[in-house]
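*Asks:* The structure is given below, and queries will be raised subsequently.
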Amino acid sequence: MLPPLSVLAVWLATASNPVLAATAGSFVESGSTLVSAMMMFLGNEEKVYILDKAEGNAAQVAGHPAWGSVWDVNTHQATVMDVKTNVFCASGMHLPNGSYVTFGGNGAIGRGGKVGSQATPWGSGIWDSEYQDFDGTKAIRILNPCTSADNMDSAECRWFDEPGVLTMQKQRWYSAAEPLADGSIAIIGGFVNGGYINRNTPNNDPARSGGAAEPSFEFFPANGREPQDMQFLIKTSGLNAYAHTYLLGSGKMLVQANISTMIWDYNTNTETALPDMPGGVVRVYPASGAVAMLPLTPANNYNPTVLFCGGSDMPDEAWGNYSFPNINTWDYPASRDCQRLTAEPADGSAPQYEKDDDMLEGRSMGQFIILPDGKMLVINGGLNGTAGYAEATGQTHTYGEMPFGMSLAAGPVGTPAIYDPNAPKGSRWSNKGLGTTNIARLYHSSAILLPDASVLVAGSNPNVDVNSSTIFPTEYRSEIFYPPYFSAKTRPAPTGVPKTIAYGGDGFDITIPASSYSGSSDDAADNTVVALVRGGFTTHAMNMGQRYIQLDNRYTVNGDGSIVLHIAQAPPNPNVFQPGPALLFVTVNGIPSNGTMVIVGSGNMGTQPTGAASSLPQNVKVDSAKGSADASSTGGGNGGGAPGGGAEGNSENGAKGRTGVIVGAVVGAIAVIGILGALLGICLARRRRRTGGVGAPSSSSAAIASNRQTYAMTRGGDVFGVGGGGGGVGGRGVRSSDSSAFVPLQQDNYSQAWNASSVSLTGPYRDGDGDDHHLHSSGGGGGGGGYQEEGRGRGRESGYGMSMDDPYAANAPRGVRY
């Protein structure tokens with residue numbers, strides 16, 4: 001195990017084995033994550049893995065600030081982990097054997113988000129001597145989750161992060177990752193030289209924005225396949241970061257970005273256009289709507305329907321460009337709109353968006369978590385504005401005038417809400433009985449389902465580097481939210497849960513003891529649901545790979561009140577629920593059991609074995625049988641049966657592999673494209689300016705001007721000036737060339753990039769020279785550095801020589817030559 005951090009000694013002494021009060025609807029603080037939780041995933045029943053961007057966290061590992069940790073589900077204590085490359089704005093996904101992989105990130109950075117101390121001639125970082133992070137733009141990192149019984153400091157339990165062995169073929173930042181039926185992964189789009197949105201203004205190169213955008217897709221493992229351009233990413237230029245992707249039953253993929261939608265055949269790179277998003281509402285980053293697939297059930301024949309909620313309907317010209325939005329986004333209310341889409345209707349009709357109930361309040365950066373009872377929690381986010389951070393907008397010219405520091409959002413929504421997909425229209429949303437947190441969860445916040453069916457909530461850091469003094473600070477506190485079913489003190493305790501689930505074939509049995517419920521056994525059996533829930537890889541208000549599938553079941557009620565569930569394997573179609581890890585929950589009368597981690601499929605990459613759909617016996621009832629639990633301890637569930645309307649063998653064909661096996665299996669198929677490749681620049685890395693204002697506060701900040709350290713959390717309403725003048729585009733207008741703030745690939749004067757600053761990690765950010773440093777459009781000179789798109793390409797394909805020396809062989813990357 002890694003040694004304890006001295007800075008946490010006092011905290012650890014008082015926080016050992018905390019016992020949390022699991023009160024239904026409540027938030028309870030659950031320890032420090034040590035690094036701000038930009039990304040999270042549940043590795044197994046014991047461990048949640050957390051990733052941050054490379055920044056100046058107080059927690060140290062291997063002599064530098066940590067940007068990785070592992071949080072223990074049982075003790076709520078975190079331990080730092082070493083990650084070599086900068087994971088900023090990466091994507092991630094599970095693998096068939098239960099391991100996880102992340103793709104891409106940012107170039108190496110140093111204090112205050114400045115370019116790392118060793119940089120390319122075009123201004124992107126290779127390595128930084130202080131933070132000791134390496135370029136992550138092509139990185140492929142693999143982790144095999146371990147338990148407390150393992151040596152967490154062993155090579156088998158650490159991140160494998162070696163660009164000399166595994167890299168993507170393209171640089172990707174904000175890419176999408178979607179698992180396929182064989183366990184491989186499609187990696188889609190992203191920034192090369194990122195920023196607020198993925199385009200210049202004017203947008204005269206919608207494909208690549210002069211080399212700063214990447215409109216292609218590739219696969220992991222590549223298996224000899226070269227990247228290809230996706231026309232959809234050119235069509236949606238600018239607003240296509242972290243595109244929403246969902247594999248469909250046909251094996252094709254639903255893809256949504258900007259206001260466009262399509263079905264994509266990734267085998268032939270063929271696109272079929274679907275209707276545009278109604279109302280012009282953008283759901284992808286930085287609008288960051290809450291988007292998730294509804295539960296897959298026997299009642300809907302496992303046909304996917306995707307729910308899109310929130311985001312922003314800002315007009316296209318308001319989005320601005322790489323540098324910043326063209327309006328004061330914190331004055332612009334987030335959308336309440338929700339739309340459903342079944343991309344492949346069972347009756348063969350043309351797919352159409354269907355208007356759903358509006359959310360209780362508008363949310364940007366709201367996040368859906370699918371609960372074991374088939375309902376959907378939306379949590380986190382803001383009433384106004386968007387994700388991302390900046391020092392200025394098209395209307396607010398200096399950081400001193402920014403009312404919420406670097407945050408482009410305001411009005412944190414502290415009260416979650418629950419959506420019932422099967423309730424009648426007009427009654428699907430409720431926040432009755434749900435508590436309110438006083439911790440702002442805005443940009444770079446995250447949430448994920450835990451094995452006990454609670455929800456871990458963490459993160460929030462709309463800042464270029466660690467900042468503890470701004471109004472929305474870097475956040476290390478985690479919380480656990482307890483959904484309404486925690487009002488039940490007795491939980492189902494099934495036995496006989498298998499370790500693996502097959503695609504078709506003989507079913508398996510699970511037994512529910514009579515002590516798991518109260519009342520009629522027949523009623524309890526009728527109201528029992530067995531489901532696989534995959535929490536996915538969470539980042540930027542989305543859970544890549546999140547799915548819920550109800551397994552068909554029948555039952556036999558015994559005279560002693562025990563219930564034997566006869567359960568079908570997963571449907572014999574790996575497109576419906578791709579191979580890999582998931583939690584199996586048994587929910588009785590709306591009360592879920594603890595989840596058991598299982599592997600769906602063979603546990604191996606490749607075509608998955610399938611059998612005939614499981615054949616199940618008829619139900620057997622016993623009128624006189626009853627549960628033995630105290631009736632007062634089993635209340636609080638929804639009382640309903642299956643989330644899709646109800647449903648009237650232990651496979652041992654997979655094994656958990658180790659990291660070395662994974663890497664060995666894929667490395668021969670991966671195109672190893674050089675160690676570090678052409679590097680992208682810093683994500684929103686800008687000089688921080690003093691917190692004192694230039695000019696009067698905007699109307700939206702007046703409500704909190706008297707106290708910048710506290711703010712009212714809200715269930716909804718106009719606390720931060722919703723609608724307060726955000727509808728227009730006004731101000732200076734959009735910069736004509738604008739990735740200079742993010743270290744462009746084509747820049748006149750690299751020494752004047754915005755990230756060439758030094759900031760304090762313990763106090764308010766201030767410029768060293770105290771100047772206002774107003775931004776300039778291209779051709780105007782000054783601090784912006786002018787991204788000039790005409791005729792100044794650096795010839796990125798002709799390239800610089802790539803050394804095959806190991807960049808991690810020494811403390812400084814002396815072997816890397818450019």
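Numbering starts fresh at 1 for the residues of each chain in the structure tokens, the chains themselves are lettered A, B, ... in the order given, and ligands are numbered from 1 as they appear.
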Would you give me, as a list of chain:residue names, the residues in region 72-172 of chain A that DSSP reads as helix (DSSP H, G or I)?

*Replies:* A:Arg111, A:Gly112, A:Gly113, A:Ala155, A:Glu156, A:Cys157

*Asks:* May I have a table of the residues of region 98-208 of chain A lying at most 12 Å from region 539-552 of chain A, giving each one's closest pair of atoms and their distance in Å to one decimal, counting only C-alpha atoms, ordered by chain and ascending residue number, as a tab-separated table?

*Replies:*
residue	atom	partner	partner_atom	distance
A:Tyr100	CA	A:Gly545	CA	11.4
A:Val101	CA	A:Met544	CA	11.8
A:Thr102	CA	A:Met544	CA	11.2
A:Tyr174	CA	A:His540	CA	9.3
A:Ser175	CA	A:Met544	CA	10.9
A:Ala176	CA	A:Met544	CA	7.9
A:Ala177	CA	A:Met544	CA	6.9
A:Glu178	CA	A:Gly545	CA	6.5
A:Pro179	CA	A:Gly545	CA	7.0
A:Leu180	CA	A:Gly545	CA	10.1
A:Gly183	CA	A:Gly545	CA	11.6
A:Ile185	CA	A:Gly545	CA	10.5
A:Ala186	CA	A:Gly545	CA	11.7
A:Ile187	CA	A:Met544	CA	11.5

*Asks:* Could you jot down the CA of Lys84 (chain A) to CA of Phe219 (chain A) separation for me, Å, one decimal place?

*Replies:*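 Calculated distance between CA of Lys84 (chain A) and CA of Phe219 (chain A) is 22.9 Å.
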
*Asks:* Could you check how far CA of His64 (chain A) sits from CA of Ala108 (chain A), in Å to one decimal?

*Replies:*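 Atom-to-atom, CA of His64 (chain A) to CA of Ala108 (chain A), that is 13.4 Å.
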
*Asks:* Find the residue from A:Phe481, A:Phe41, A:Phe585, A:Phe88 that sits nearest to Glu29 (chain A); use only C-alpha atoms when measuring.

*Replies:*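 For Glu29 (chain A), the nearest of the given residues is A:Phe481.
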
*Asks:* Could you please write out, as a PyMOL selection string, every residue of region 269-495 of chain A that DSSP assigns to strand (DSSP E)?

*Replies:* chain A and resi 270-274+290-293+306-309+338-341+353-355+367-370+376-379+382-389+403-412+417-419+429-430+445-449+455-459+477-481

*Asks:* Determine, counting only C-alpha atoms, which protein, DNA and RNA residues have an atom within 7 Å of an atom of Glu479 (chain A); residues of the same chain fewer than 6 positions away are not included. Present the result as an MDAnalysis selection string.

*Replies:* chainID A and resid 27:30 456:458

*Asks:* Fewer than 5 positions away in the same chain doesn't count, so skip those; otherwise give me all residues within 10 Å of Gly426 (chain A), counting only C-alpha atoms, as an MDAnalysis selection string.

*Replies:* chainID A and resid 356:358

*Asks:* Considering only C-alpha atoms, can you say which of A:Met93, A:Met253, A:Val192, A:Ile370 comes closest to Glu344 (chain A)?

*Replies:* A:Met253

*Asks:* Which residues are close to Thr33 (chain A), i.e. within 12 Å by only C-alpha atoms, leaving aside same-chain residues fewer than 5 positions away? Reply as a PyMOL selection string.

*Replies:* chain A and resi 8+38-40+48-52+57-59+66-73+76-81+446+456-460+474-479

*Asks:* Can you check which parts of region 272-315 of chain A lie within 12 Å of region 402-417 of chain A? Per residue, the shortest pair of atoms and distance in Å to one decimal, counting only C-alpha atoms, sorted by chain and number, as a tab-separated table.

*Replies:*
residue	atom	partner	partner_atom	distance
A:Pro286	CA	A:Leu408	CA	9.7
A:Ala287	CA	A:Ala409	CA	10.2
A:Ser288	CA	A:Ala409	CA	11.3
A:Ala290	CA	A:Ala417	CA	11.9
A:Gly311	CA	A:Ala409	CA	11.7
A:Ser312	CA	A:Ala409	CA	11.5

*Asks:* Taking only C-alpha atoms into account, name the residue in A:Leu248, A:Ala207, A:Leu434, A:Ala299 that is nearest to Ser487 (chain A).

*Replies:*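 Closest to Ser487 (chain A), using only C-alpha atoms: A:Leu434.
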
*Asks:* Choose the residue, out of A:Ala139, A:Ala568, A:Ala222, A:Val600, that has the smallest atom-to-atom separation from Asn97 (chain A); count only C-alpha atoms.

*Replies:*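 Of A:Ala139, A:Ala568, A:Ala222, A:Val600, the one nearest Asn97 (chain A), counting only C-alpha atoms, is A:Val600.
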
*Asks:* Quick one, how far is CA of Arg141 (chain A) from CA of Ser209 (chain A)?

*Replies:*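 One can read the CA of Arg141 (chain A) to CA of Ser209 (chain A) distance as 27.7 Å.
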
*Asks:* So that I can check the surroundings of Thr270 (chain A), please list as a ChimeraX atom specification every protein, DNA and RNA residue that reaches within 10 Å of it, counting only C-alpha atoms and ignoring chain neighbours fewer than 4 positions away.

*Replies:* /A:230-231,252,262-266

*Asks:* Determine, counting only C-alpha atoms, which protein, DNA and RNA residues have an atom within 12 Å of an atom of Ala155 (chain A); residues of the same chain fewer than 2 positions away are not included. Present the result as a PyMOL selection string.

*Replies:* chain A and resi 1+81-82+142-146+150-153+157-161+658-660

*Asks:* Pick the closest to Ile480 (chain A) from A:Met376, A:Leu233, A:Ala24, A:Ala392: which is it, counting only C-alpha atoms?

*Replies:*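 Under the stated criterion, the closest residue is A:Ala24.
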
*Asks:* Kindly indicate which residue among A:Val291, A:Pro372, A:Pro298, A:Ser454 lies nearest to Cys338 (chain A), using only C-alpha atoms for the distances.

*Replies:*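 The answer is A:Val291, which sits nearest to Cys338 (chain A).
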